[in-house]
Every structure is written in C-alpha cells, then in structure tokens.
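Q: Please find one structure pasted underneath; my questions will follow.
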Amino acid sequence: MTTPAQTVPDDFLDELDMPGPVSSPGDEAAARGVLTRLQQRSTDLTGRANALRSQLKTNKKLTSAQRAAMNARIKTYDKLISSTRTATTAAQGRVYEVTGQYDKLLTGANRDAFAALKSMFDQFGLGTLAPKIYEYVKQGYGADTIGLLLQDTKEYKGRFAANAARAKAGLAVLSPAEYLSAEAAYRQILSSAGMPKGFYDNPADFRSWIGGDVSPTEIKGRVDLAMEAVNKTDPTYRAALQQMYGVGESDLAAYFLDRKLAEPILKKQAAASAIGAAALRRGFTLNRLDLESYADLGLSAQEAEQAYGQIAGGFEAMLGLAGRYGTSWTQREAEQEVFTPGAAGSLGQQSAAEKGKGLRSQERAMFSGGAGASSRGLSAGYRQT
C-alpha cells in the first residue's frame with residue numbers, strides 16, 4: 001500500500017506571512033512578541049520540512065510523481081524558513097534596540113567604539129544618548145566626530161548648561177572633565193558641612209556658580225560663614241526649629257548660604273520658629289500649625305517677644321478667673337486673644353477675645369470694680385486683623 005505524501009494545506013500557507021513591525025520603537029513587549037512568534041514559526045516550518053525529508057528517505061513505495069511533489073513542497077518550506085530566519089534576525093535586533101542593548105548589534109571596532117563612548121557619556125549623566133551614539137557608529141563616524149556631534153544635542157547642552165552662560169560672559173568654556181570636577185568640588189564642600197539632603201545635590205543646582213566662575217574656594221568661604229551664622233543663632237530659636245520641624249543646624253546653614261533657594265523650605269519655618277522661640281522662653285508649649293498661622297500675620301521676632309511677654313504676664317491670673325467661674329483658659333486662647341483679637345469664634349462658640357472679656361467682666365462685677373485678678377494688658381489685644 002502506498003503511503004500518501006504529506007501536503008501543505010492552503011490555509012497554512014496563507015498564515016505564513018511575516019508579522020508586522022513593532023508599532024512603537026519603545027514597545028519592548030510588542031518587539032518580544034514578534035520575535036517569539038517568528039521563532040515558533042521557524043521551528044514549525046523546519047519540523048514540517050524535516051518530516052517530508054524523512055518520508056522521502058524511508059518510504060520506498062513513493063512514486064516518482066509523489067517524490068517530485070514532496071521535493072517541491074520541501075523547496076517551498078525551505079524558502080519560507082529562510083525568510084522567517086531573516087525576519088527573526090531583524091526582530092532580535094529590534095528587541096536589542098528597544099532594550100538599549102546596542103552593543104549586541106555591533107561587532108569588532110564598532111562595538112569597541114560604542115562601548116567607550118557610552119561609558120564616557122554615562123559618566124556625564126547622559127546615558128540617554130546611547131541611541132544616537134549607536135546610530136553614529138553605524139554610519140561609520142569616528143569617536144572624535146561623534147563626540148562633536150553629540151555636543152550639539154539638546155541633552156548635552158542641558159547637562160552642561162552653565163557653559164552657555166560662561167561663553168556669554170566672555171569666560172572660557174569648560175571641558176566636560178573640568179565641569180564635572182567643579183561640581184564634585186562643590187558637592188564635597190557642601191557634604192562635608194552637613195548640608196541637608198535635596199540641597200545642592202543636583203547638577204542644575206551648580207549652574208549659577210559654574211556660570212559665574214565661582215571657585216570652590218569661594219563656596220568654602222560662604223559655607224564657613226553660613227555655619228558661623230548658625231553657631232551664633234539664639235539656641236532657643238534652634239530648639240524651636242528642631243522641636244517643630246526637626247530642622248537641624250545643617251538646614252539653617254542652607255538657609256544662610258542661599259536664601260533664595262532655601263526660601264520655599266525654610267522661610268515659613270523660620271518665621272514660625274522665631275515666634276515659637278519667644279513662647280519657649282516664657283515656658284509655653286509649641287503647636288506648629290498655630291505658630292505658622294501667627295507667622296502668616298507677619299510678626300517680627302521682636303513683636304513676638306513683646307506679645308508673649310504680655311501673654312505670660314496675665315496667663316496665671318486668667319487661669320484663676322477661669323477656674324473660679326467654672327470654665328477653662330488655654331494657651332491657645334491666650335495667644336489668639338493677643339494675636340487675633342478681632343477674629344470671630346467658631347459656630348456656636350465665643351472668640352478668645354470675647355471669652356477673656358467676659359471673664360474679666362464677671363470678676364469686676366463680683367468685686368464691684370476692685371483690683372481683682374484682671375490682666376489689663378490682655379484686654380487691648382496685640383494686633384487687629
């Protein structure tokens with residue numbers, strides 16, 4: 001009995017079209033998907049072709065016509081396998097591209113040139129230029145030419161932005177090595193002084209210094225002055241900063257070193273802490289949110305001292321009045337009576353100023369205008385709002 005030869009179904013041949021290109025150069029999942037499908041297809045086609053070859057070798061009952069037909073199908077499979085392998089190689093290259101493995105796409109001197117340039121630009125913080133380096137190497141440019149071409153990129157100009165300011169000011173443009181050396185020197189000085197994290201630890205933070213040709217020696221002098229300013233700061237003020245915000249001496253140094261940069265972080269903290277220092281000196285506790293709201297009033301340190309002197313002068317007396325008439329009198333109420341006497345009370349409640357006035361009125365009524373325990377200074381309030 002004659003064994004029928006395997007055939008290649010028409011519907012299978014229709015499915016042998018190559019997968020389409022990756023829709024996005026950065027779509028790694030799509031690139032890997034194309035590669036996987038092509039690898040599976042190559043394996044399947046090779047298996048089918050080998051099966052036909054095996055039949056031709058082992059089946060001695062095949063007719064000449066059958067052998068000719070099978071050889072034709074094998075030839076068709078071989079062509080499909082060849083084109084699939086070509087597409088697989090291209091798909092593997094696409095995977096290398098989207099995953100940044102450009103070295104695997106190059107050989108010999110080209111690979112060495114790419115590796116050297118990529119390593120150098122990685123040190124500059126410009127690893128994102130790897131695709132451009134790869135393209136230039138593929139085009140046959142030498143290392144020196146590629147280095148010059150990359151200097152015209154937006155990424156390079158942004159990384160060494162201070163050079164534009166230097167050129168405009170008539171100063172010599174720094175080489176990458178000189179630029180990085182200056183940054184490293186600044187960073188070392190600031191780190192040694194204990195500057196806070198996030199303060200002058202980014203290349204953009206050093207642009208104005210490099211652009212203005214400020215030497216590391218000058219920065220060292222500024223840091224020394226900043227630390228001296230911290231050391232001379234009122235210890236109660238430092239205690240308030242530490243208690244309210246956890247702001248240590250290094251943060252204060254940052255404030256003194258560059259007020260403009262540190263202002264978003266420390267300006268309000270500094271003002272609130274100055275008020276808090278006055279409170280601490282009078283034995284009061286600190287409430288950060290309350291003190292920040294008082295800082296929003298624009299009080300100076302001197303005004304805070306006067307205010308807390310006024311509060312402290314009548315606080316014990318007001319505690320006595322409150323106890324006598326079955327109510328309470330808190331530090332917050334005493335502060336609000338002085339700092340914001342015109343503020344309205346919350347829904348259904350008296351304001352601090354109204355409550356204080358009521359307590360003193362009760363005392364005057366009881367003692368018919370006697371000395372009592374009033375605190376006349378508080379009644380006037382400190383600042384109208």
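Here's how to read the names in the structure tokens: chain A, B, ... by the order shown, residue numbers from 1 in each chain, ligand numbers from 1 in the order shown.
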For the alpha helix (DSSP H) assignment from backbone DSSP, which residues of region 171-316 of chain A qualify? Please present them as a PyMOL selection string.

A: chain A and resi 176-192+207-211+216-232+235-245+249-257+259-281+288-295+301-316

Q: Report as CSV the residues of region 23-111 of chain A within 12 Å of region 135-149 of chain A, each with its shortest atom pair and distance in Å (one decimal), using only C-alpha atoms, ordered by chain and increasing residue number.

A:
residue,atom,partner,partner_atom,distance
A:Glu97,CA,A:Glu135,CA,10.7
A:Tyr102,CA,A:Glu135,CA,9.4
A:Asp103,CA,A:Val137,CA,10.6
A:Leu105,CA,A:Lys138,CA,9.4
A:Leu106,CA,A:Lys138,CA,8.0
A:Thr107,CA,A:Lys138,CA,10.3
A:Gly108,CA,A:Val137,CA,11.6
A:Ala109,CA,A:Val137,CA,9.7
A:Asn110,CA,A:Val137,CA,6.2
A:Arg111,CA,A:Val137,CA,8.4

Q: Can I get the selected residues back with N, CA and C atoms, as a PDB file, in the first residue's frame?

A:
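The result, written out as part35.pdb:
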ATOM      1  N   GLU A  97      17.365  46.868  20.259  1.00  0.00           N
ATOM      2  CA  GLU A  97      17.225  48.330  20.153  1.00  0.00           C
ATOM      3  C   GLU A  97      16.319  48.882  21.240  1.00  0.00           C
ATOM      4  N   TYR A 102      22.562  47.975  22.486  1.00  0.00           N
ATOM      5  CA  TYR A 102      23.127  48.308  21.173  1.00  0.00           C
ATOM      6  C   TYR A 102      24.446  47.592  20.905  1.00  0.00           C
ATOM      7  N   ASP A 103      25.190  47.276  21.946  1.00  0.00           N
ATOM      8  CA  ASP A 103      26.469  46.593  21.744  1.00  0.00           C
ATOM      9  C   ASP A 103      26.289  45.240  21.064  1.00  0.00           C
ATOM     10  N   LEU A 105      24.360  44.654  18.690  1.00  0.00           N
ATOM     11  CA  LEU A 105      24.076  44.881  17.273  1.00  0.00           C
ATOM     12  C   LEU A 105      25.330  45.254  16.497  1.00  0.00           C
ATOM     13  N   LEU A 106      26.437  45.374  17.223  1.00  0.00           N
ATOM     14  CA  LEU A 106      27.684  45.798  16.598  1.00  0.00           C
ATOM     15  C   LEU A 106      28.756  44.729  16.794  1.00  0.00           C
ATOM     16  N   THR A 107      29.790  44.812  15.959  1.00  0.00           N
ATOM     17  CA  THR A 107      30.898  43.863  16.082  1.00  0.00           C
ATOM     18  C   THR A 107      32.222  44.589  15.933  1.00  0.00           C
ATOM     19  N   GLY A 108      33.280  43.935  16.414  1.00  0.00           N
ATOM     20  CA  GLY A 108      34.631  44.428  16.197  1.00  0.00           C
ATOM     21  C   GLY A 108      34.883  45.828  16.699  1.00  0.00           C
ATOM     22  N   ALA A 109      35.523  46.647  15.836  1.00  0.00           N
ATOM     23  CA  ALA A 109      35.908  48.004  16.205  1.00  0.00           C
ATOM     24  C   ALA A 109      34.690  48.871  16.491  1.00  0.00           C
ATOM     25  N   ASN A 110      33.598  48.635  15.778  1.00  0.00           N
ATOM     26  CA  ASN A 110      32.386  49.421  16.012  1.00  0.00           C
ATOM     27  C   ASN A 110      31.842  49.194  17.422  1.00  0.00           C
ATOM     28  N   ARG A 111      31.860  47.940  17.843  1.00  0.00           N
ATOM     29  CA  ARG A 111      31.382  47.644  19.198  1.00  0.00           C
ATOM     30  C   ARG A 111      32.285  48.303  20.236  1.00  0.00           C
TER      31      ARG A 111
END

Q: To one decimal in Å, tell me the separation between CA of Ala87 (chain A) and CA of Arg41 (chain A).

A: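 Taking CA of Ala87 (chain A) and CA of Arg41 (chain A), their separation equals 10.8 Å.
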
Q: State, in Å with one decimal place, the distance from CA of Ala68 (chain A) to CA of Ser82 (chain A).

A: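 Value for the CA of Ala68 (chain A)-CA of Ser82 (chain A) distance: 21.1 Å.
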
Q: From the list A:Val34, A:Ala226, A:Leu359, A:Leu291, which residue is nearest Gly326 (chain A) when using only C-alpha atoms?

A: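 Of A:Val34, A:Ala226, A:Leu359, A:Leu291, the one nearest Gly326 (chain A) is A:Leu359, counting only C-alpha atoms.
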
Q: Skip Ala295 (chain A) itself and residues of its chain fewer than 4 positions away, then list as JSON, numbers by chain all residues within 12 Å of it, counting only C-alpha atoms.

A: {"A": [267, 268, 269, 270, 271, 272, 273, 274, 275, 276, 288, 289, 290, 291, 299, 300, 301, 303, 304, 339, 340]}

Q: Skip Asn202 (chain A) itself and residues of its chain fewer than 4 positions away, then list as a ChimeraX atom specification all residues within 10 Å of it, counting only C-alpha atoms.

A: /A:183,187,198,206-207

Q: Measure the distance from CA of Lys118 (chain A) to CA of Trp209 (chain A) in Å and round it to one decimal.

A: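 That distance, rounded to one decimal, is 27.9 Å.
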